[in-house]
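Asks: The following block contains the structure, expressed as structure tokens.
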Amino acid sequence: ATPSEEKDLVIIGGGVAGYVAAIKAGQEGLKVACIEKRGALGGTCLNVGCIPSKSLLNNSHLYHQILHDTKNRGIEVGDVKLNLAQMMKAKETSVSGLTKGIEFLFKKNNVEYIKGTGAFEDEHTIKVNLVDGGETSVRGKNILIATGSESTPFPGLEIDEKKVITSTGAIALTEVPKKMTVIGGGIIGLEMASVWSRLGSEVTVVEFLGQIGGPGMDNEVAKQSQKLLSKQGMKFKLNTKVVSGDASGEGVKLEVEAAKGGKAETIESDVVLVAIGRRPYTKGLNLESIGLETDTRGRLVIDSEYRTKLPHIRVVGDCTFGPMLAHKAEEEAVAAVEFITKGFGHVNYGAIPSVMYTHPEVAWVGANEQELKEQGVNYKVGSFPFSANSRAKTNLDSDGMVKFLADAETDRILGVHIIGPNAGEMIAEGTLALEYGASTEDIGRTCHAHPTLAEAFKEAAMNTYGKAVHY
Ligand code: FAD
Ligand code: NAD
């Protein structure tokens with residue numbers, strides 16, 4: 001193998017964290033190489049995560065709406081049939097277009113793309129087992145680890161991605177299962193449960209905690225979301241733990257019982273989705289050889305400048321601390337490169353939005369009400385229902401609300417929580433408000449176009465300090 005010239009930056013992993021860092025480094029004039037083993041750029045997010053799941057969420061929503069929500073709108077449709085293979089093809093077209101787009105951006109920004117699996121040979125050298133066979137090695141003045149995460153397995157249930165699946169199997173099923181059970185009512189669980197329930201599966205979600213939505217979701221919003229998803233046909237078993245599973249027969253049997261112990265029950269289904277979280281992925285990097293360690297949760301330990309204890313080796317994205325979100329990974333990637341090129345970089349971890357792409361969507365940024373209570377913060381609440389918003393009413397899509405949490409004395413916005421149509425787009429305004437330290441009155445005094453869903457955002461803010469006009 002011929003070692004290529006020494007790079008300013010070598011990146012291991014071509015997911016959102018890795019590819020964004022590579023492009024940014026290229027833009028800054030660094031000599032950069034990015035090593036990716038899956039044969040396509042974009043990582044979990046583009047290949048088996050954000051993008052394919054949103055394609056299926058969008059198209060399954062359309063299908064469900066055509067089946068159940070057209071007559072009242074004055075649209076009579078004939079026979080509606082699901083062509084699952086075509087729905088999957090549409091998903092693949094979106095994915096491949098986007099991953100190829102990144103290859104183009106790599107060329108445009110002079111990033112060397114090395115297709116293979118990287119492992120540390122020494123503190124500055126990465127040995128790569130090439131996808132097409134053979135080996136090479138590449139040296140970097142700086143190294144960025146961006147190897148991402150993998151789904152957490154459920155002990156005793158072997159994943160075959162057909163009967164016992166992770167999200168990767170859930171975006172690629174070839175037929176609609178009659179009965180599906182989802183272990184874990186977090187974001188993956190609920191997004192995938194939405195897809196398959198809309199396409200005709202009887203879906204039961206088993207969640208250990210007393211509320212759905214995973215960490216971070218406001219209690220009140222989580223309750224509304226559960227109610228609306230139940231109306232769509234999803235069943236929920238909260239405060240329930242899966243004790244064991246058996247996939248040796250035709251379907252899958254799960255033994256479940258109350259989280260605090262109690263009578264056991266067996267749930268039988270055709271397919272079980274394991275969605276109990278994701279864990280950092282650092283396998284095969286040969287970290288031991290250079291003395292780097294992970295914490296008890298498998299995360300690579302870093303300082304505030306993303307440096308490991310070897311300061312030229314930095315880490316960003318899912319394989320280190322913080323929420324496992326693509327946009328968080330992206331922000332960190334840019335900041336880490338800026339630390340290398342300029343000596344400073346910054347990510348505001350207090351203003352990272354979360355979105356659950358169910359229908360209605362759920363989106364939030366900043367603190368939730370239960371956190372403020374726990375912290376003893378003196379806060380005020382203002383909310384506005386979409387049922388009082390003109391655009392939501394004309395769209396016949398008016399479930400949900402916008403809710404502001406603000407400091408009772410200063411009026412500074414502490415958190416924004418939205419459940420409703422287009423919540424995922426609308427949260428950008430909340431994020432901007434938080435980033436700029438806005439008050440609810442700043443929002444209430446900003447002109448919002450009529451008739452838009454965003455007016456609900458403005459009026460919720462107004463309800464925090466006074467009175468909304470339309471409610
Ligand atoms: P990854 O995307 O996991 O990328 C890491 C890459 O490194 C992988 O491609 C891997 O092959 C490669 N790699 C690992 N080891 C090596 C090695 N030794 N050598 C070479 N390459 C290596 N987040 C959102 O913000 N919005 C969403 O809507 C959303 N939806 C999701 C849906 C699903 C079903 C899933 C599973 C996740 C979703 N996420 C979403 C989370 C998001 O995908 C991750 O937060 C994001 O991908 C993290 O980026 P990353 O670059 O850190 O890791
Ligand atoms: P999660 O942590 O959000 O949710 C897992 C859920 O499973 C939790 O509610 C937990 O209480 C429950 N659980 C754990 N063990 C259980 C058991 N034995 N029985 C029953 N319930 C159990 O994790 P996830 O939904 O798997 O998602 C993983 C990561 O991917 C998250 O960080 C998420 O942010 C990210 N993601 C984001 C999006 C998005 O932004 N739209 C979409 C998908 C995934």
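Labeling convention for the structure tokens: chains A, B, ... as they appear, residues from 1 per chain, ligands from 1 in order of appearance.
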Residues of chain A that have any atom at most 7 Å from an atom of ligand 2: could you tabulate them with the shortest-distance atom pair and the distance in Å to one decimal, using only C-alpha atoms and all ligand atoms, ordered by chain and increasing number, as JSON lines?
Replies:
{"residue": "A:Gly49", "atom": "CA", "partner": "ligand 2", "partner_atom_place_in_ligand_line": "43 (C)", "distance": 6.7}
{"residue": "A:Cys50", "atom": "CA", "partner": "ligand 2", "partner_atom_place_in_ligand_line": "42 (C)", "distance": 6.2}
{"residue": "A:Ser151", "atom": "CA", "partner": "ligand 2", "partner_atom_place_in_ligand_line": "26 (O)", "distance": 6.8}
{"residue": "A:Ile183", "atom": "CA", "partner": "ligand 2", "partner_atom_place_in_ligand_line": "20 (C)", "distance": 5.0}
{"residue": "A:Gly184", "atom": "CA", "partner": "ligand 2", "partner_atom_place_in_ligand_line": "7 (O)", "distance": 3.3}
{"residue": "A:Gly185", "atom": "CA", "partner": "ligand 2", "partner_atom_place_in_ligand_line": "9 (O)", "distance": 4.9}
{"residue": "A:Gly186", "atom": "CA", "partner": "ligand 2", "partner_atom_place_in_ligand_line": "4 (O)", "distance": 3.3}
{"residue": "A:Ile187", "atom": "CA", "partner": "ligand 2", "partner_atom_place_in_ligand_line": "25 (O)", "distance": 4.0}
{"residue": "A:Ile188", "atom": "CA", "partner": "ligand 2", "partner_atom_place_in_ligand_line": "25 (O)", "distance": 3.7}
{"residue": "A:Gly189", "atom": "CA", "partner": "ligand 2", "partner_atom_place_in_ligand_line": "25 (O)", "distance": 5.3}
{"residue": "A:Val206", "atom": "CA", "partner": "ligand 2", "partner_atom_place_in_ligand_line": "20 (C)", "distance": 5.3}
{"residue": "A:Glu207", "atom": "CA", "partner": "ligand 2", "partner_atom_place_in_ligand_line": "21 (N)", "distance": 3.8}
{"residue": "A:Phe208", "atom": "CA", "partner": "ligand 2", "partner_atom_place_in_ligand_line": "21 (N)", "distance": 3.9}
{"residue": "A:Leu209", "atom": "CA", "partner": "ligand 2", "partner_atom_place_in_ligand_line": "11 (O)", "distance": 5.1}
{"residue": "A:Ile212", "atom": "CA", "partner": "ligand 2", "partner_atom_place_in_ligand_line": "9 (O)", "distance": 6.0}
{"residue": "A:Gly213", "atom": "CA", "partner": "ligand 2", "partner_atom_place_in_ligand_line": "9 (O)", "distance": 6.1}
{"residue": "A:Gly214", "atom": "CA", "partner": "ligand 2", "partner_atom_place_in_ligand_line": "9 (O)", "distance": 3.8}
{"residue": "A:Pro215", "atom": "CA", "partner": "ligand 2", "partner_atom_place_in_ligand_line": "3 (O)", "distance": 6.1}
{"residue": "A:Thr240", "atom": "CA", "partner": "ligand 2", "partner_atom_place_in_ligand_line": "20 (C)", "distance": 6.3}
{"residue": "A:Lys241", "atom": "CA", "partner": "ligand 2", "partner_atom_place_in_ligand_line": "19 (N)", "distance": 4.2}
{"residue": "A:Val242", "atom": "CA", "partner": "ligand 2", "partner_atom_place_in_ligand_line": "19 (N)", "distance": 4.8}
{"residue": "A:Ala275", "atom": "CA", "partner": "ligand 2", "partner_atom_place_in_ligand_line": "26 (O)", "distance": 4.1}
{"residue": "A:Ile276", "atom": "CA", "partner": "ligand 2", "partner_atom_place_in_ligand_line": "7 (O)", "distance": 3.7}
{"residue": "A:Gly277", "atom": "CA", "partner": "ligand 2", "partner_atom_place_in_ligand_line": "26 (O)", "distance": 3.2}
{"residue": "A:Arg278", "atom": "CA", "partner": "ligand 2", "partner_atom_place_in_ligand_line": "28 (C)", "distance": 4.7}
{"residue": "A:Pro323", "atom": "CA", "partner": "ligand 2", "partner_atom_place_in_ligand_line": "32 (O)", "distance": 5.6}
{"residue": "A:Met324", "atom": "CA", "partner": "ligand 2", "partner_atom_place_in_ligand_line": "32 (O)", "distance": 4.1}
{"residue": "A:Leu325", "atom": "CA", "partner": "ligand 2", "partner_atom_place_in_ligand_line": "34 (O)", "distance": 5.5}
{"residue": "A:Ser354", "atom": "CA", "partner": "ligand 2", "partner_atom_place_in_ligand_line": "40 (O)", "distance": 5.7}
{"residue": "A:Val355", "atom": "CA", "partner": "ligand 2", "partner_atom_place_in_ligand_line": "41 (N)", "distance": 5.0}
{"residue": "A:Met356", "atom": "CA", "partner": "ligand 2", "partner_atom_place_in_ligand_line": "41 (N)", "distance": 4.4}
{"residue": "A:Tyr357", "atom": "CA", "partner": "ligand 2", "partner_atom_place_in_ligand_line": "41 (N)", "distance": 5.7}
Asks: With region 246-251 of chain A as the partner and 10 Å as the cut-off, tabulate the residues of region 85-197 of chain A that qualify, each row holding the nearest pair of atoms and their distance in Å to one decimal, using only C-alpha atoms, sorted by chain and rising number, as JSON lines.
Replies:
{"residue": "A:Gly156", "atom": "CA", "partner": "A:Asp246", "partner_atom": "CA", "distance": 7.9}
{"residue": "A:Leu157", "atom": "CA", "partner": "A:Asp246", "partner_atom": "CA", "distance": 6.9}
{"residue": "A:Glu158", "atom": "CA", "partner": "A:Ala247", "partner_atom": "CA", "distance": 8.1}
{"residue": "A:Ile159", "atom": "CA", "partner": "A:Ala247", "partner_atom": "CA", "distance": 9.6}
{"residue": "A:Asp160", "atom": "CA", "partner": "A:Ala247", "partner_atom": "CA", "distance": 9.9}
{"residue": "A:Lys163", "atom": "CA", "partner": "A:Gly251", "partner_atom": "CA", "distance": 7.1}
{"residue": "A:Val164", "atom": "CA", "partner": "A:Ala247", "partner_atom": "CA", "distance": 7.5}
{"residue": "A:Lys179", "atom": "CA", "partner": "A:Gly251", "partner_atom": "CA", "distance": 9.4}
{"residue": "A:Met180", "atom": "CA", "partner": "A:Gly251", "partner_atom": "CA", "distance": 10.0}
Asks: Could you list, as a PDB file with N, CA and C atoms, in the first residue's frame, all residues that come within 6 Å of ligand 1? Count only C-alpha atoms and all ligand atoms.
Replies:
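Saved file pocket_14.pdb follows:
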ATOM      1  N   ILE A  12     -12.565  10.013  10.246  1.00  0.00           N
ATOM      2  CA  ILE A  12     -13.030   8.618  10.182  1.00  0.00           C
ATOM      3  C   ILE A  12     -14.541   8.643  10.333  1.00  0.00           C
ATOM      4  N   GLY A  13     -15.248   8.260   9.280  1.00  0.00           N
ATOM      5  CA  GLY A  13     -16.705   8.277   9.263  1.00  0.00           C
ATOM      6  C   GLY A  13     -17.214   9.357   8.330  1.00  0.00           C
ATOM      7  N   GLY A  14     -18.052   8.939   7.386  1.00  0.00           N
ATOM      8  CA  GLY A  14     -18.596   9.895   6.399  1.00  0.00           C
ATOM      9  C   GLY A  14     -20.079  10.125   6.611  1.00  0.00           C
ATOM     10  N   GLY A  15     -20.517  10.087   7.889  1.00  0.00           N
ATOM     11  CA  GLY A  15     -21.910  10.432   8.213  1.00  0.00           C
ATOM     12  C   GLY A  15     -22.069  11.938   8.241  1.00  0.00           C
ATOM     13  N   VAL A  16     -23.163  12.402   8.821  1.00  0.00           N
ATOM     14  CA  VAL A  16     -23.409  13.853   8.823  1.00  0.00           C
ATOM     15  C   VAL A  16     -22.248  14.587   9.493  1.00  0.00           C
ATOM     16  N   ALA A  17     -21.796  14.059  10.632  1.00  0.00           N
ATOM     17  CA  ALA A  17     -20.700  14.715  11.341  1.00  0.00           C
ATOM     18  C   ALA A  17     -19.446  14.735  10.460  1.00  0.00           C
ATOM     19  N   GLY A  18     -19.097  13.572   9.905  1.00  0.00           N
ATOM     20  CA  GLY A  18     -17.861  13.443   9.138  1.00  0.00           C
ATOM     21  C   GLY A  18     -17.895  14.191   7.817  1.00  0.00           C
ATOM     22  N   ILE A  35     -12.732   8.980   5.519  1.00  0.00           N
ATOM     23  CA  ILE A  35     -12.790   7.524   5.343  1.00  0.00           C
ATOM     24  C   ILE A  35     -14.194   7.037   5.701  1.00  0.00           C
ATOM     25  N   GLU A  36     -14.828   6.326   4.805  1.00  0.00           N
ATOM     26  CA  GLU A  36     -16.175   5.797   5.097  1.00  0.00           C
ATOM     27  C   GLU A  36     -16.253   4.363   4.616  1.00  0.00           C
ATOM     28  N   LYS A  37     -16.823   3.507   5.493  1.00  0.00           N
ATOM     29  CA  LYS A  37     -16.782   2.067   5.187  1.00  0.00           C
ATOM     30  C   LYS A  37     -18.032   1.521   4.508  1.00  0.00           C
ATOM     31  N   ARG A  38     -19.167   2.272   4.539  1.00  0.00           N
ATOM     32  CA  ARG A  38     -20.400   1.642   4.057  1.00  0.00           C
ATOM     33  C   ARG A  38     -20.556   1.683   2.534  1.00  0.00           C
ATOM     34  N   GLY A  43     -23.814   8.488   6.080  1.00  0.00           N
ATOM     35  CA  GLY A  43     -23.978   7.775   7.353  1.00  0.00           C
ATOM     36  C   GLY A  43     -25.374   7.235   7.592  1.00  0.00           C
ATOM     37  N   THR A  44     -25.668   7.076   8.877  1.00  0.00           N
ATOM     38  CA  THR A  44     -26.976   6.572   9.293  1.00  0.00           C
ATOM     39  C   THR A  44     -28.071   7.477   8.743  1.00  0.00           C
ATOM     40  N   CYS A  45     -27.878   8.778   8.910  1.00  0.00           N
ATOM     41  CA  CYS A  45     -28.934   9.737   8.594  1.00  0.00           C
ATOM     42  C   CYS A  45     -29.421   9.603   7.153  1.00  0.00           C
ATOM     43  N   GLY A  49     -31.541   6.362   8.121  1.00  0.00           N
ATOM     44  CA  GLY A  49     -32.114   7.107   9.242  1.00  0.00           C
ATOM     45  C   GLY A  49     -33.075   8.192   8.808  1.00  0.00           C
ATOM     46  N   CYS A  50     -32.663   9.447   9.063  1.00  0.00           N
ATOM     47  CA  CYS A  50     -33.522  10.619   8.834  1.00  0.00           C
ATOM     48  C   CYS A  50     -34.210  10.583   7.472  1.00  0.00           C
ATOM     49  N   SER A  53     -36.538   7.438   6.467  1.00  0.00           N
ATOM     50  CA  SER A  53     -37.715   7.394   7.351  1.00  0.00           C
ATOM     51  C   SER A  53     -38.670   8.527   7.007  1.00  0.00           C
ATOM     52  N   GLY A 116     -13.441   2.735   2.814  1.00  0.00           N
ATOM     53  CA  GLY A 116     -12.882   1.620   3.565  1.00  0.00           C
ATOM     54  C   GLY A 116     -13.077   1.810   5.056  1.00  0.00           C
ATOM     55  N   THR A 117     -12.572   0.825   5.814  1.00  0.00           N
ATOM     56  CA  THR A 117     -12.707   0.873   7.273  1.00  0.00           C
ATOM     57  C   THR A 117     -11.395   1.346   7.886  1.00  0.00           C
ATOM     58  N   GLY A 118     -11.491   2.402   8.672  1.00  0.00           N
ATOM     59  CA  GLY A 118     -10.280   2.975   9.253  1.00  0.00           C
ATOM     60  C   GLY A 118     -10.013   2.476  10.664  1.00  0.00           C
ATOM     61  N   ALA A 119      -8.732   2.331  11.002  1.00  0.00           N
ATOM     62  CA  ALA A 119      -8.347   1.971  12.372  1.00  0.00           C
ATOM     63  C   ALA A 119      -7.010   2.640  12.668  1.00  0.00           C
ATOM     64  N   ALA A 146     -15.651  10.352  13.795  1.00  0.00           N
ATOM     65  CA  ALA A 146     -17.077  10.647  13.600  1.00  0.00           C
ATOM     66  C   ALA A 146     -17.765   9.350  13.178  1.00  0.00           C
ATOM     67  N   THR A 147     -17.605   8.331  14.028  1.00  0.00           N
ATOM     68  CA  THR A 147     -18.048   6.993  13.638  1.00  0.00           C
ATOM     69  C   THR A 147     -19.493   6.683  14.045  1.00  0.00           C
ATOM     70  N   GLY A 148     -20.189   7.630  14.665  1.00  0.00           N
ATOM     71  CA  GLY A 148     -21.637   7.507  14.821  1.00  0.00           C
ATOM     72  C   GLY A 148     -22.120   6.535  15.877  1.00  0.00           C
ATOM     73  N   SER A 149     -23.256   5.920  15.586  1.00  0.00           N
ATOM     74  CA  SER A 149     -23.921   5.062  16.582  1.00  0.00           C
ATOM     75  C   SER A 149     -24.601   3.881  15.889  1.00  0.00           C
ATOM     76  N   SER A 167     -34.562  -0.083  13.295  1.00  0.00           N
ATOM     77  CA  SER A 167     -35.088   0.896  12.333  1.00  0.00           C
ATOM     78  C   SER A 167     -34.629   0.571  10.919  1.00  0.00           C
ATOM     79  N   ILE A 188     -37.830   6.983  17.384  1.00  0.00           N
ATOM     80  CA  ILE A 188     -37.766   5.951  16.336  1.00  0.00           C
ATOM     81  C   ILE A 188     -39.019   5.092  16.403  1.00  0.00           C
ATOM     82  N   GLY A 284     -13.624  -1.504  16.395  1.00  0.00           N
ATOM     83  CA  GLY A 284     -12.612  -1.712  15.348  1.00  0.00           C
ATOM     84  C   GLY A 284     -11.683  -0.531  15.118  1.00  0.00           C
ATOM     85  N   LEU A 285     -11.816   0.540  15.915  1.00  0.00           N
ATOM     86  CA  LEU A 285     -10.952   1.708  15.693  1.00  0.00           C
ATOM     87  C   LEU A 285      -9.552   1.517  16.273  1.00  0.00           C
ATOM     88  N   GLY A 317     -20.381  14.267  16.916  1.00  0.00           N
ATOM     89  CA  GLY A 317     -21.552  13.487  16.482  1.00  0.00           C
ATOM     90  C   GLY A 317     -22.005  12.459  17.496  1.00  0.00           C
ATOM     91  N   ASP A 318     -22.674  11.426  17.017  1.00  0.00           N
ATOM     92  CA  ASP A 318     -23.317  10.434  17.881  1.00  0.00           C
ATOM     93  C   ASP A 318     -22.350   9.659  18.769  1.00  0.00           C
ATOM     94  N   MET A 324     -28.438  12.530  20.134  1.00  0.00           N
ATOM     95  CA  MET A 324     -28.054  11.893  18.867  1.00  0.00           C
ATOM     96  C   MET A 324     -28.940  12.438  17.754  1.00  0.00           C
ATOM     97  N   LEU A 325     -28.571  13.589  17.258  1.00  0.00           N
ATOM     98  CA  LEU A 325     -29.342  14.260  16.217  1.00  0.00           C
ATOM     99  C   LEU A 325     -28.409  14.715  15.108  1.00  0.00           C
ATOM    100  N   ALA A 326     -28.904  14.651  13.876  1.00  0.00           N
ATOM    101  CA  ALA A 326     -28.066  14.990  12.729  1.00  0.00           C
ATOM    102  C   ALA A 326     -27.628  16.453  12.770  1.00  0.00           C
ATOM    103  N   HIS A 327     -28.561  17.355  13.127  1.00  0.00           N
ATOM    104  CA  HIS A 327     -28.189  18.780  13.098  1.00  0.00           C
ATOM    105  C   HIS A 327     -27.219  19.129  14.221  1.00  0.00           C
ATOM    106  N   ALA A 329     -24.886  17.000  15.197  1.00  0.00           N
ATOM    107  CA  ALA A 329     -23.622  16.485  14.650  1.00  0.00           C
ATOM    108  C   ALA A 329     -23.025  17.500  13.676  1.00  0.00           C
TER     109      ALA A 329
END
Asks: As a ChimeraX atom specification, list the residues of region 76-267 of chain A assigned to strand (DSSP E) by DSSP on the backbone atoms of this structure.
Replies: /A:111-120,125-130,135-145,149-151,164-165,179-183,202-206,235-237,240-246,252-258,265-267
Asks: Using only C-alpha atoms, find the one residue out of A:Glu202, A:Glu191, A:Glu112, A:Asp122 that sits nearest to Gly233 (chain A).
Replies: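 Ranking A:Glu202, A:Glu191, A:Glu112, A:Asp122 by distance to Gly233 (chain A), first place goes to A:Glu202.
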Asks: Tell me, in Å to one decimal, how far CA of Gln211 (chain A) is from CA of Ala259 (chain A).
Replies: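 It comes out at 12.4 Å.
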Asks: Just give me the gap between CA of His68 (chain A) and CA of Trp196 (chain A) in Å, one decimal is fine.
Replies: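 Distance between the two atoms: 15.5 Å.
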Asks: For each of A:Leu287, A:Asp270, A:Arg314, A:Arg279, take the minimum atom-to-atom distance to Lys141 (chain A), counting only C-alpha atoms, then give the residue where this is smallest.
Replies: A:Arg314
Asks: Which residues come within 10 Å of Thr410 (chain A), counting only C-alpha atoms, excluding same-chain residues fewer than 4 positions away, as an MDAnalysis selection string?
Replies: chainID A and resid 379 406 439:440
Asks: Between CA of Val20 (chain A) and CA of Ile51 (chain A), what distance in Å does the model show, to one decimal?
Replies: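 Taking CA of Val20 (chain A) and CA of Ile51 (chain A), their separation equals 16.1 Å.
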